[in-house]
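Participant: Next comes target-v6.csv, CSV, C-alpha atoms and all ligand atoms:
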```csv
chain,number,residue,atom,x,y,z
M,1,MET,CA,116.0,111.9,92.0
M,2,ASP,CA,119.6,111.6,92.9
M,3,ILE,CA,122.0,114.3,93.8
M,4,HIS,CA,125.8,114.5,94.0
M,5,GLU,CA,128.0,113.5,96.9
M,6,TYR,CA,129.1,117.1,97.5
M,7,GLN,CA,125.5,118.2,97.6
M,8,ALA,CA,124.5,115.4,100.0
M,9,LYS,CA,127.4,116.3,102.2
M,10,GLU,CA,126.3,119.9,102.3
M,11,ILE,CA,122.8,119.0,103.3
M,12,LEU,CA,123.8,116.4,105.9
M,13,GLY,CA,126.4,118.8,107.2
M,14,ARG,CA,123.7,121.4,107.8
M,15,PHE,CA,121.7,118.9,109.7
M,16,GLY,CA,124.7,118.1,112.0
M,17,VAL,CA,126.6,115.2,110.3
M,18,PRO,CA,130.4,115.8,110.5
M,19,VAL,CA,131.6,116.1,106.9
M,20,PRO,CA,135.1,117.0,105.6
M,21,ARG,CA,135.8,120.4,104.2
M,22,GLY,CA,136.1,120.4,100.5
M,23,GLY,CA,135.8,122.4,97.3
M,24,LEU,CA,134.0,121.9,94.0
M,25,ALA,CA,135.9,122.1,90.7
M,26,TYR,CA,134.7,122.5,87.1
M,27,SER,CA,138.2,122.4,85.6
M,28,PRO,CA,141.6,120.9,86.4
M,29,GLU,CA,142.9,124.4,87.2
M,30,GLN,CA,140.1,124.9,89.6
M,31,ALA,CA,140.8,121.5,91.2
M,32,ALA,CA,144.4,122.6,91.8
M,33,TYR,CA,143.2,125.9,93.2
M,34,ARG,CA,140.9,124.1,95.5
M,35,ALA,CA,143.7,121.8,96.8
M,36,ARG,CA,145.9,124.9,97.5
M,37,GLU,CA,143.0,126.7,99.2
M,38,LEU,CA,142.3,123.7,101.4
M,39,GLY,CA,145.9,123.3,102.4
M,40,GLY,CA,147.8,120.3,103.6
M,41,ASP,CA,149.9,117.9,101.5
M,42,ALA,CA,147.4,115.2,100.5
M,43,TRP,CA,144.0,115.4,98.9
M,44,VAL,CA,141.3,113.1,97.6
M,45,VAL,CA,139.9,114.0,94.2
M,46,LYS,CA,136.4,112.6,93.6
M,47,ALA,CA,134.4,112.4,90.4
M,48,GLN,CA,130.9,113.7,91.0
M,49,VAL,CA,128.6,111.4,89.2
M,50,HIS,CA,125.3,109.9,90.1
M,51,ALA,CA,126.6,106.4,90.8
M,52,GLY,CA,128.6,104.6,93.5
M,53,GLY,CA,131.5,102.3,92.9
M,54,ARG,CA,133.6,105.2,91.8
M,55,GLY,CA,136.6,104.2,93.9
M,56,ALA,CA,136.9,100.8,92.1
M,57,ALA,CA,136.4,102.5,88.7
M,58,GLY,CA,139.2,105.0,89.1
M,59,GLY,CA,136.9,107.9,89.9
M,60,VAL,CA,138.4,108.6,93.4
M,61,LYS,CA,142.1,109.2,93.9
M,62,LEU,CA,144.4,110.1,96.7
M,63,CYS,CA,146.9,112.7,95.4
M,64,ARG,CA,150.1,113.8,97.1
M,65,SER,CA,150.8,117.0,95.3
M,66,VAL,CA,148.9,119.9,93.7
M,67,ASP,CA,150.3,118.9,90.3
M,68,GLU,CA,149.0,115.4,90.8
M,69,VAL,CA,145.5,116.8,91.7
M,70,GLN,CA,145.6,118.8,88.5
M,71,SER,CA,146.8,116.0,86.2
M,72,TYR,CA,144.4,113.5,87.7
M,73,ALA,CA,141.5,116.0,87.3
M,74,ALA,CA,142.5,116.6,83.7
M,75,SER,CA,142.2,112.9,83.1
M,76,LEU,CA,138.8,112.8,84.6
M,77,PHE,CA,137.0,115.8,83.1
M,78,GLY,CA,134.7,115.0,80.2
M,79,ARG,CA,135.3,111.2,80.7
M,80,GLN,CA,132.4,108.8,80.9
M,81,LEU,CA,132.9,107.0,84.2
M,82,VAL,CA,131.7,103.4,84.0
M,83,THR,CA,131.2,101.8,87.4
M,84,LYS,CA,129.5,98.7,88.7
M,85,GLN,CA,126.4,100.9,89.2
M,86,THR,CA,126.2,102.5,85.8
M,87,ASP,CA,125.3,101.2,82.4
M,88,GLN,CA,127.9,100.7,79.6
M,89,ALA,CA,127.7,104.3,78.6
M,90,GLY,CA,128.7,105.4,82.1
M,91,LYS,CA,128.2,108.9,83.6
M,92,GLY,CA,129.8,112.0,82.4
M,93,VAL,CA,132.3,113.7,84.7
M,94,TYR,CA,131.8,117.4,84.7
M,95,ARG,CA,132.3,118.2,88.4
M,96,LEU,CA,135.0,117.2,90.8
M,97,TRP,CA,135.1,117.4,94.6
M,98,VAL,CA,138.4,117.9,96.3
M,99,GLU,CA,138.9,117.2,100.0
M,100,PRO,CA,141.9,117.0,102.3
M,101,ALA,CA,142.9,113.4,102.6
M,102,CYS,CA,141.5,111.7,105.7
M,103,ASP,CA,143.3,109.4,108.0
M,104,ILE,CA,141.1,106.3,108.2
M,105,ALA,CA,141.2,103.9,111.1
M,106,GLN,CA,137.9,102.1,110.3
M,107,GLU,CA,135.2,102.2,107.6
M,108,LEU,CA,131.5,101.7,108.7
M,109,TYR,CA,128.4,101.5,106.6
M,110,LEU,CA,125.3,103.6,107.4
M,111,GLY,CA,122.1,103.7,105.3
M,112,PHE,CA,118.5,105.0,105.7
M,113,VAL,CA,116.0,103.4,103.4
M,114,LEU,CA,112.2,103.1,103.1
M,115,ASP,CA,111.1,99.7,104.3
M,116,ARG,CA,107.8,99.2,102.5
M,117,LYS,CA,107.0,96.1,104.5
M,118,SER,CA,107.0,97.9,107.9
M,119,GLU,CA,106.0,101.2,106.2
M,120,ARG,CA,108.8,102.8,108.1
M,121,ILE,CA,112.2,104.4,107.6
M,122,MET,CA,114.8,101.7,108.3
M,123,ILE,CA,118.4,102.1,109.3
M,124,VAL,CA,120.9,99.6,108.0
M,125,ALA,CA,124.4,99.7,109.5
M,126,SER,CA,127.5,97.7,109.6
M,127,ALA,CA,130.9,98.0,111.3
M,128,HIS,CA,132.4,96.7,108.1
M,129,GLY,CA,131.7,99.4,105.5
M,130,GLY,CA,133.6,100.8,102.5
M,131,ILE,CA,132.1,98.2,100.2
M,132,GLU,CA,128.8,98.2,98.4
M,133,ILE,CA,125.8,97.2,100.6
M,134,GLU,CA,124.9,94.5,98.0
M,135,ASP,CA,128.3,92.9,98.4
M,136,LEU,CA,128.1,93.4,102.2
M,137,ALA,CA,124.8,91.6,102.3
M,138,GLU,CA,126.4,88.7,100.5
M,139,THR,CA,129.9,88.5,102.1
M,140,ASP,CA,129.1,89.6,105.6
M,141,PRO,CA,125.4,89.5,106.3
M,142,ALA,CA,125.9,88.9,110.0
M,143,SER,CA,127.5,92.3,110.3
M,144,LEU,CA,124.3,94.1,109.2
M,145,ARG,CA,122.2,95.7,111.8
M,146,ARG,CA,118.7,96.9,111.0
M,147,MET,CA,116.4,99.2,112.9
M,148,THR,CA,113.0,100.7,112.0
M,149,ILE,CA,111.9,104.1,113.2
M,150,ASP,CA,108.4,104.8,114.6
M,151,PRO,CA,107.2,107.8,112.7
M,152,ALA,CA,105.2,109.1,115.7
M,153,ALA,CA,108.2,109.0,118.1
M,154,GLY,CA,111.0,109.7,115.6
M,155,LEU,CA,114.4,108.3,116.1
M,156,VAL,CA,114.7,108.3,119.9
M,157,GLU,CA,118.0,108.6,121.6
M,158,PHE,CA,118.1,105.2,123.3
M,159,GLN,CA,117.6,103.5,119.9
M,160,ALA,CA,120.4,105.5,118.4
M,161,ARG,CA,122.7,104.6,121.3
M,162,GLU,CA,121.8,100.9,121.1
M,163,LEU,CA,122.8,101.0,117.4
M,164,ALA,CA,126.1,102.8,118.2
M,165,PHE,CA,126.9,100.2,120.9
M,166,GLY,CA,126.0,97.4,118.5
M,167,LEU,CA,128.5,98.8,116.0
M,168,GLY,CA,131.2,98.6,118.6
M,169,LEU,CA,131.7,102.3,119.0
M,170,LYS,CA,133.4,103.7,122.1
M,171,GLY,CA,133.5,106.8,124.3
M,172,ARG,CA,132.7,110.1,122.5
M,173,GLN,CA,132.0,108.1,119.3
M,174,ILE,CA,128.7,107.1,120.9
M,175,ALA,CA,127.4,110.7,121.2
M,176,GLN,CA,128.8,111.4,117.7
M,177,MET,CA,126.9,108.5,116.3
M,178,VAL,CA,123.7,109.6,118.0
M,179,THR,CA,124.1,113.0,116.5
M,180,ILE,CA,124.7,111.5,113.0
M,181,LEU,CA,121.8,109.1,113.2
M,182,GLN,CA,119.4,111.8,114.3
M,183,ALA,CA,120.7,114.3,111.7
M,184,CYS,CA,120.3,111.7,108.9
M,185,TYR,CA,116.8,110.8,110.1
M,186,ARG,CA,115.7,114.5,110.2
M,187,ALA,CA,117.2,115.2,106.8
M,188,TYR,CA,115.5,112.1,105.4
M,189,ARG,CA,112.1,113.0,106.9
M,190,ASP,CA,112.2,116.8,106.5
M,191,LEU,CA,113.4,116.7,102.8
M,192,ASP,CA,111.2,113.8,101.5
M,193,ALA,CA,114.3,111.6,100.9
M,194,MET,CA,114.0,108.1,99.7
M,195,MET,CA,117.6,107.1,100.6
M,196,VAL,CA,120.5,108.4,102.7
M,197,GLU,CA,123.7,106.5,102.6
M,198,ILE,CA,127.0,107.2,104.2
M,199,ASN,CA,129.6,104.7,103.0
M,200,PRO,CA,132.1,104.9,104.3
M,201,LEU,CA,131.3,106.5,107.6
M,202,VAL,CA,134.8,106.5,109.0
M,203,ILE,CA,136.5,106.5,112.4
M,204,THR,CA,139.5,108.8,111.9
M,205,GLY,CA,143.0,108.1,113.3
M,206,ALA,CA,142.0,110.6,116.0
M,207,GLY,CA,139.0,108.5,116.9
M,208,ASP,CA,136.2,110.7,115.5
M,209,LEU,CA,133.4,109.8,113.2
M,210,VAL,CA,133.3,111.5,109.8
M,211,ALA,CA,131.1,111.0,106.7
M,212,LEU,CA,133.6,110.4,103.9
M,213,ASP,CA,131.0,109.7,101.3
M,214,ALA,CA,127.3,110.6,101.1
M,215,LYS,CA,124.5,109.7,98.8
M,216,MET,CA,120.9,111.0,98.9
M,217,SER,CA,118.0,110.3,96.7
M,218,PHE,CA,114.6,112.1,96.8
M,219,ASP,CA,111.0,111.3,96.1
M,220,THR,CA,110.3,112.9,92.7
M,221,ASN,CA,106.6,113.2,93.6
M,222,ALA,CA,107.5,115.4,96.5
M,223,LEU,CA,109.8,117.7,94.6
M,224,PHE,CA,107.0,120.2,94.0
M,225,ARG,CA,107.3,121.1,97.7
M,226,ARG,CA,111.1,120.9,97.9
M,227,PRO,CA,112.2,123.6,95.4
M,228,GLN,CA,115.7,123.8,97.0
M,229,ILE,CA,116.2,120.0,96.4
M,230,ALA,CA,114.7,120.2,92.9
M,231,GLU,CA,117.3,122.8,92.1
M,232,LEU,CA,120.0,120.2,92.7
M,233,ARG,CA,118.9,118.1,89.8
M,234,ASP,CA,121.8,117.5,87.4
M,235,ARG,CA,120.6,116.7,84.0
M,236,SER,CA,124.1,115.7,82.8
M,237,GLN,CA,123.6,112.6,84.9
M,238,GLU,CA,120.3,111.7,83.4
M,239,ASP,CA,119.1,110.6,80.0
M,240,PRO,CA,117.5,113.9,79.1
M,241,ARG,CA,114.9,112.3,76.8
M,242,GLU,CA,113.7,109.9,79.6
M,243,SER,CA,113.9,112.3,82.5
M,244,THR,CA,112.0,115.2,80.9
M,245,ALA,CA,109.1,113.1,79.8
M,246,GLY,CA,106.2,113.7,82.1
M,247,ASP,CA,108.1,116.3,83.9
M,248,HIS,CA,105.8,118.6,85.9
M,249,GLY,CA,102.8,118.3,83.7
M,250,LEU,CA,104.7,118.9,80.5
M,251,ALA,CA,104.0,116.3,77.8
M,252,TYR,CA,107.4,116.0,76.1
M,253,VAL,CA,108.6,113.6,73.4
M,254,GLY,CA,112.2,114.0,72.1
M,255,LEU,CA,112.8,114.0,68.3
M,256,THR,CA,115.9,114.3,66.2
M,257,GLY,CA,115.7,117.8,64.8
M,258,ASP,CA,117.1,121.1,66.1
M,259,ILE,CA,114.0,123.4,66.5
M,260,GLY,CA,112.8,123.2,70.0
M,261,CYS,CA,109.0,123.6,70.4
M,262,ILE,CA,107.0,125.1,73.2
M,263,ILE,CA,103.4,124.8,72.4
M,264,ASN,CA,100.1,124.6,74.2
M,265,GLY,CA,97.8,121.8,73.2
M,266,ALA,CA,98.6,118.5,71.6
M,267,GLY,CA,96.8,119.4,68.4
M,268,LEU,CA,98.6,122.7,68.0
M,269,ALA,CA,101.9,121.0,68.8
M,270,MET,CA,101.3,118.5,66.0
M,271,ALA,CA,100.3,121.2,63.6
M,272,THR,CA,103.4,123.3,64.5
M,273,MET,CA,105.6,120.4,63.8
M,274,ASP,CA,104.0,119.9,60.4
M,275,MET,CA,104.5,123.6,59.7
M,276,ILE,CA,108.2,123.5,60.7
M,277,LYS,CA,108.7,120.5,58.3
M,278,LEU,CA,106.8,122.4,55.6
M,279,ALA,CA,109.2,125.4,56.1
M,280,GLY,CA,112.2,123.0,55.7
M,281,GLY,CA,113.1,122.5,59.3
M,282,GLU,CA,113.1,119.6,61.7
M,283,PRO,CA,111.4,119.7,65.2
M,284,ALA,CA,113.6,118.7,68.1
M,285,ASN,CA,110.6,117.7,70.2
M,286,PHE,CA,106.9,117.6,70.8
M,287,LEU,CA,106.0,119.6,73.8
M,288,ASP,CA,102.6,120.5,75.2
M,289,ILE,CA,102.8,122.9,78.1
M,290,GLY,CA,99.1,122.2,79.0
M,291,GLY,CA,96.3,124.5,79.9
M,292,GLY,CA,96.6,127.3,82.5
M,293,ALA,CA,100.4,127.4,82.2
M,294,SER,CA,102.0,129.6,84.8
M,295,PRO,CA,105.1,131.6,84.0
M,296,GLU,CA,106.9,129.0,86.1
M,297,ARG,CA,105.7,126.2,84.0
M,298,VAL,CA,106.8,128.1,80.9
M,299,VAL,CA,110.2,128.4,82.4
M,300,ARG,CA,110.2,124.7,83.0
M,301,ALA,CA,109.2,124.1,79.4
M,302,PHE,CA,112.3,126.1,78.3
M,303,ARG,CA,114.6,124.1,80.6
M,304,THR,CA,113.1,120.8,79.3
M,305,VAL,CA,113.6,121.8,75.7
M,306,LEU,CA,117.1,123.3,76.3
M,307,ALA,CA,118.2,120.0,78.0
M,308,ASP,CA,118.4,118.7,74.4
M,309,ARG,CA,121.8,119.8,73.2
M,310,ASN,CA,120.7,119.6,69.6
M,311,VAL,CA,118.3,122.5,70.0
M,312,SER,CA,119.6,125.6,68.1
M,313,VAL,CA,116.4,127.7,68.0
M,314,ILE,CA,113.2,127.7,70.1
M,315,LEU,CA,109.7,128.3,68.7
M,316,VAL,CA,107.0,129.2,71.2
M,317,ASN,CA,103.6,128.9,69.7
M,318,ILE,CA,100.6,129.7,72.0
M,319,PHE,CA,97.0,129.8,71.1
M,320,ALA,CA,95.6,130.8,74.4
M,321,GLY,CA,92.1,129.7,75.4
M,322,ILE,CA,92.4,128.5,78.9
M,323,ASN,CA,96.0,129.8,78.8
M,324,ARG,CA,96.8,133.5,79.1
M,325,CYS,CA,99.3,135.1,76.8
M,326,ASP,CA,100.5,137.5,79.4
M,327,TRP,CA,101.5,134.6,81.7
M,328,VAL,CA,103.2,132.8,78.9
M,329,ALA,CA,105.0,136.0,77.9
M,330,GLU,CA,106.1,136.5,81.5
M,331,GLY,CA,107.4,133.0,81.5
M,332,VAL,CA,109.3,133.5,78.2
M,333,VAL,CA,110.9,136.7,79.6
M,334,LYS,CA,111.7,135.0,82.9
M,335,ALA,CA,113.1,131.9,81.2
M,336,TYR,CA,115.2,134.0,78.8
M,337,ARG,CA,116.9,135.7,81.7
M,338,GLU,CA,117.2,132.7,84.1
M,339,VAL,CA,118.7,130.3,81.6
M,340,GLY,CA,121.0,132.9,80.1
M,341,MET,CA,119.6,132.2,76.6
M,342,THR,CA,122.2,131.9,73.9
M,343,ILE,CA,120.0,130.8,71.0
M,344,PRO,CA,117.3,132.6,69.0
M,345,VAL,CA,113.7,132.4,70.3
M,346,VAL,CA,110.7,132.9,68.1
M,347,VAL,CA,107.4,133.7,69.8
M,348,ARG,CA,103.9,133.6,68.4
M,349,LEU,CA,101.1,134.5,70.7
M,350,ALA,CA,97.4,134.5,69.9
M,351,GLY,CA,94.2,134.4,72.0
M,352,THR,CA,93.4,135.4,75.6
M,353,ASN,CA,95.3,138.6,76.7
M,354,VAL,CA,97.4,138.6,73.5
M,355,GLU,CA,97.9,142.4,73.7
M,356,GLU,CA,99.1,142.2,77.3
M,357,GLY,CA,101.4,139.4,76.3
M,358,LYS,CA,102.9,141.2,73.4
M,359,ALA,CA,103.4,144.3,75.5
M,360,ILE,CA,105.4,142.2,78.1
M,361,LEU,CA,107.6,140.8,75.4
M,362,GLN,CA,108.2,144.2,73.9
M,363,ALA,CA,108.9,145.9,77.3
M,364,SER,CA,111.4,143.2,78.1
M,365,GLY,CA,113.9,144.6,75.6
M,366,LEU,CA,115.0,141.0,74.9
M,367,PRO,CA,116.0,140.1,71.3
M,368,LEU,CA,112.9,137.9,70.8
M,369,ILE,CA,111.7,137.2,67.3
M,370,THR,CA,107.9,137.7,67.1
M,371,ALA,CA,105.4,136.4,64.6
M,372,ASP,CA,101.7,136.8,64.2
M,373,THR,CA,100.8,133.5,62.4
M,374,LEU,CA,101.9,130.0,62.7
M,375,ALA,CA,103.3,129.9,59.2
M,376,GLU,CA,105.3,133.1,59.8
M,377,ALA,CA,106.6,131.6,63.1
M,378,ALA,CA,107.7,128.4,61.4
M,379,ASP,CA,109.5,130.3,58.6
M,380,LYS,CA,111.2,132.6,61.1
M,381,ALA,CA,112.3,129.6,63.3
M,382,VAL,CA,113.8,127.9,60.3
M,383,ALA,CA,115.5,131.1,59.1
M,384,ALA,CA,116.9,131.8,62.6
M,385,ARG,CA,118.9,128.6,62.8
M,386,PRO,CA,122.6,129.1,62.8
M,387,LYS,CA,124.1,128.2,59.4
M,388,LEU,CA,125.8,124.9,59.6
M,389,ALA,CA,129.5,125.0,58.7
M,390,ALA,CA,130.0,123.3,55.4
V,1,LIG,P1,132.5,105.2,96.0
V,1,LIG,O1,133.4,104.2,95.6
V,1,LIG,O2,131.8,105.8,94.8
V,1,LIG,O3,131.5,104.8,97.0
V,1,LIG,O4,133.3,106.4,96.6
V,1,LIG,P2,133.8,106.7,98.1
V,1,LIG,O5,133.7,108.1,98.4
V,1,LIG,O6,133.1,105.8,99.0
V,1,LIG,O7,135.3,106.4,98.1
V,1,LIG,C1,135.8,105.1,97.8
V,1,LIG,C2,136.9,104.8,98.8
V,1,LIG,O8,138.0,105.7,98.7
V,1,LIG,C3,136.5,104.8,100.3
V,1,LIG,O9,135.8,103.7,100.7
V,1,LIG,C4,137.8,105.0,100.9
V,1,LIG,O10,138.4,103.8,101.2
V,1,LIG,C5,138.6,105.8,99.9
V,1,LIG,N1,138.7,107.2,100.3
V,1,LIG,C6,137.8,108.2,100.1
V,1,LIG,N2,138.2,109.3,100.7
V,1,LIG,C7,139.4,109.0,101.3
V,1,LIG,C8,140.3,109.8,102.1
V,1,LIG,O11,140.1,111.0,102.4
V,1,LIG,N3,141.4,109.1,102.5
V,1,LIG,C9,141.7,107.8,102.2
V,1,LIG,N4,142.8,107.3,102.7
V,1,LIG,N5,140.8,107.1,101.5
V,1,LIG,C10,139.7,107.7,101.1
V,2,MN,MN,131.1,105.2,98.9
```
Take the structure from the file and write it as structure tokens.
Ligand code: GDP
Ligand code: MN

Facilitator:
Amino acid sequence: MDIHEYQAKEILGRFGVPVPRGGLAYSPEQAAYRARELGGDAWVVKAQVHAGGRGAAGGVKLCRSVDEVQSYAASLFGRQLVTKQTDQAGKGVYRLWVEPACDIAQELYLGFVLDRKSERIMIVASAHGGIEIEDLAETDPASLRRMTIDPAAGLVEFQARELAFGLGLKGRQIAQMVTILQACYRAYRDLDAMMVEINPLVITGAGDLVALDAKMSFDTNALFRRPQIAELRDRSQEDPRESTAGDHGLAYVGLTGDIGCIINGAGLAMATMDMIKLAGGEPANFLDIGGGASPERVVRAFRTVLADRNVSVILVNIFAGINRCDWVAEGVVKAYREVGMTIPVVVRLAGTNVEEGKAILQASGLPLITADTLAEAADKAVAARPKLAA
């Protein structure tokens, strides 16, 4: 799983990597506000997308006035940024990061990757950064330095110093580099990362090392134990249909309709889809939340279904055998509050602990539409859809 540059900078900063101050913006006005707040007379505005190569694609710009920040931001928002690292559809720009411009004397490359051959984390570094590692490997392979880290000893200081010297760093830059390397290594190891890349790591005009760009990617299979990392997932940067399939034990298949389905059991899910069609609606998805679904898994099911922008109503249909209606109800209530639900939700519960489940729904005071039978639930879901403008 990838995260945004600003998120990677925040994480690495916490581990001790020097990163520039900056501010996040969701609108051109907010970008201008961020620039004013940061102060100074030059800023770099950076599109936050899950892809590198933004600089060459027009997604990074040095701006010399607040007006320029705002107008450039206005040109970026909502755009699909196509870079060397994206497909033709590109990545949607919904967040911008604004930083005070940095005075760059030299750009270095620093990357941490998993080297499967040595079964170790490997550092790749070059004194000639700022361009993609793939290009660097082609145009300037001699500049690349590699070093693997013994997992038992960790990244020891002499190793880090050796690398710093090898990159031609001088004076206090050596100690700064040791700090940066050890911080990146700890972040990589402690957070189950798959990749940490700082490109460029710059030497400023004043002679200090600063991470001007940052990229982190995480092991999806370890996200269950890194909830704070999992939270950083940005679905706007993923194909929602692909990414949600197989997500956390939820069997999800995207369809073309607008009625989102949250069901337990594949058979009941199929039957529910048939009932929706019979009632005159179209299901947006097949989703089986599986047996023994905790409230958390139900919340996840809601998020998965809501990632599809076509969904205009949700139908929850549970026939609890192994499942428990009270858990599902708890999940529904939790999800409703957490996601800030704006569309109708129809809930039909039957089976284990159904009375407890219904009581939880009722006590929540939420505007849930309840049904007792599958047919009733399907009818209510179809009826609850917003009328399409003619
Ligand atoms: P990427 O193209 O997606 O990897 O985005 P980067 O964050 O690496 O930015 C691309 C390039 O923009 C960098 O290699 C720098 O040369 C330049 N850049 C980024 N921030 C600054 C800055 O604060 N000042 C200056 N002068 N250049 C910057
Ligand atoms: Mn970069």

Participant: Nearest residue to Ser294 in chain M out of M:Asp258, M:Glu282, M:Glu330, M:Glu197, using all atoms listed in the file?

Facilitator: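 Among the listed residues, M:Glu330 lies closest to Ser294 in chain M.
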
Participant: Which residue gives the smallest distance to ligand LIG 1 (chain V) among M:Ala101, M:Ala31, M:Cys63, M:Ala57, with only C-alpha atoms and all ligand atoms counted?

Facilitator: M:Ala101

Participant: Would you list the contacts of range 204-216 of chain M as a ChimeraX atom specification, taking every protein, DNA or RNA residue within 7 Å and counting all atoms listed in the file, but skipping same-chain residues closer than 5 positions in sequence?

Facilitator: /M:2-5,8-9,18-20,103-105,173,176,193,195-199

Participant: Those residues with C-alpha atoms, as a short mmCIF file (atom, residue, chain, number, x, y, z; two decimals), in the coordinates of the input please?

Facilitator:
```
data_model
loop_
_atom_site.label_atom_id
_atom_site.label_comp_id
_atom_site.auth_asym_id
_atom_site.auth_seq_id
_atom_site.Cartn_x
_atom_site.Cartn_y
_atom_site.Cartn_z
CA ASP M 2 119.60 111.60 92.90
CA ILE M 3 122.00 114.30 93.80
CA HIS M 4 125.80 114.50 94.00
CA GLU M 5 128.00 113.50 96.90
CA ALA M 8 124.50 115.40 100.00
CA LYS M 9 127.40 116.30 102.20
CA PRO M 18 130.40 115.80 110.50
CA VAL M 19 131.60 116.10 106.90
CA PRO M 20 135.10 117.00 105.60
CA ASP M 103 143.30 109.40 108.00
CA ILE M 104 141.10 106.30 108.20
CA ALA M 105 141.20 103.90 111.10
CA GLN M 173 132.00 108.10 119.30
CA GLN M 176 128.80 111.40 117.70
CA ALA M 193 114.30 111.60 100.90
CA MET M 195 117.60 107.10 100.60
CA VAL M 196 120.50 108.40 102.70
CA GLU M 197 123.70 106.50 102.60
CA ILE M 198 127.00 107.20 104.20
CA ASN M 199 129.60 104.70 103.00
#
```

Participant: Between M:Lys46, M:Arg324, M:Ala187, M:Ala375, which has the minimum distance to Lys277 in chain M (counting only C-alpha atoms)?

Facilitator: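 Of M:Lys46, M:Arg324, M:Ala187, M:Ala375, the one nearest Lys277 in chain M, counting only C-alpha atoms, is M:Ala375.
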
Participant: Residues at most 12 Å from range 152-163 of chain M, counting all atoms listed in the file, excluding those fewer than 3 positions away in the same chain, as a PyMOL selection string?

Facilitator: chain M and resi 110+112+120-127+144-149+166-190

Participant: Nearest to Gly290 in chain M among M:Val69, M:Val316, M:Ile360, M:Ala251, with distances taken over all atoms listed in the file: which residue is it?

Facilitator: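 Using all atoms listed in the file, the shortest distance to Gly290 in chain M belongs to M:Ala251.
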
Participant: Hey, what's within 12 Å of Gly22 in chain M if we count all atoms listed in the file and toss same-chain stuff fewer than 5 positions away? As a list of chain:residue names, please?

Facilitator: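 Answer for this query is M:Glu5, M:Tyr6, M:Gln7, M:Lys9, M:Glu10, M:Gly13, M:Ala31, M:Tyr33, M:Arg34, M:Ala35, M:Arg36, M:Glu37, M:Leu38, M:Gly39, M:Trp43, M:Val44, M:Val45, M:Lys46, M:Leu96, M:Trp97, M:Val98, M:Glu99, M:Pro100, M:Ala101, M:Cys102, M:Leu212, M:Asp213.
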
Participant: Using only C-alpha atoms, which residues sit within 12 Å of Leu361 in chain M once same-chain residues fewer than 2 positions away are excluded, as a ChimeraX atom specification?

Facilitator: /M:325-336,345-349,354-359,363-371

Participant: Find the residue from M:Asn264, M:Asn221, M:Thr373, M:Thr83 that sits nearest to Glu132 in chain M; use all atoms listed in the file when measuring.

Facilitator: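 Smallest distance to Glu132 in chain M is found for M:Thr83.
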
Participant: Between M:Arg79, M:Arg14, M:His128, M:Arg225, which is the closest to ligand LIG 1 (chain V) once you count all atoms listed in the file?

Facilitator: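 Ranked by minimum distance to ligand LIG 1 (chain V), first place goes to M:His128.
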
Participant: Kindly give the distance, in Å, that separates CA of Asn285 in chain M and CA of Gly265 in chain M, rounded to a single decimal.

Facilitator: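 Interatomic distance here is 13.8 Å.
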
Participant: Calculate how many Å separate CA of Ser71 in chain M from CA of Val202 in chain M, rounding to one decimal.

Facilitator: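 About the pair CA of Ser71 in chain M and CA of Val202 in chain M: they are 27.5 Å apart.
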
Participant: When you draw a straight line from CA of Thr86 in chain M to CA of Phe218 in chain M, how long is it in Å?

Facilitator: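 Spanning CA of Thr86 in chain M to CA of Phe218 in chain M is a straight-line distance of 18.6 Å.
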
Participant: Kindly assemble as JSON lines a list of the range 70-157 of chain M residues that lie within 9 Å of range 228-240 of chain M, each paired with its nearest atom pair and their distance in Å to one decimal, using all atoms listed in the file, sorted first by chain and then by ascending residue number.

Facilitator:
```
{"residue": "M:Lys91", "atom": "CA", "partner": "M:Gln237", "partner_atom": "CA", "distance": 6.0}
{"residue": "M:Gly92", "atom": "CA", "partner": "M:Gln237", "partner_atom": "CA", "distance": 6.7}
{"residue": "M:Val93", "atom": "CA", "partner": "M:Ser236", "partner_atom": "CA", "distance": 8.7}
{"residue": "M:Tyr94", "atom": "CA", "partner": "M:Ser236", "partner_atom": "CA", "distance": 8.1}
```
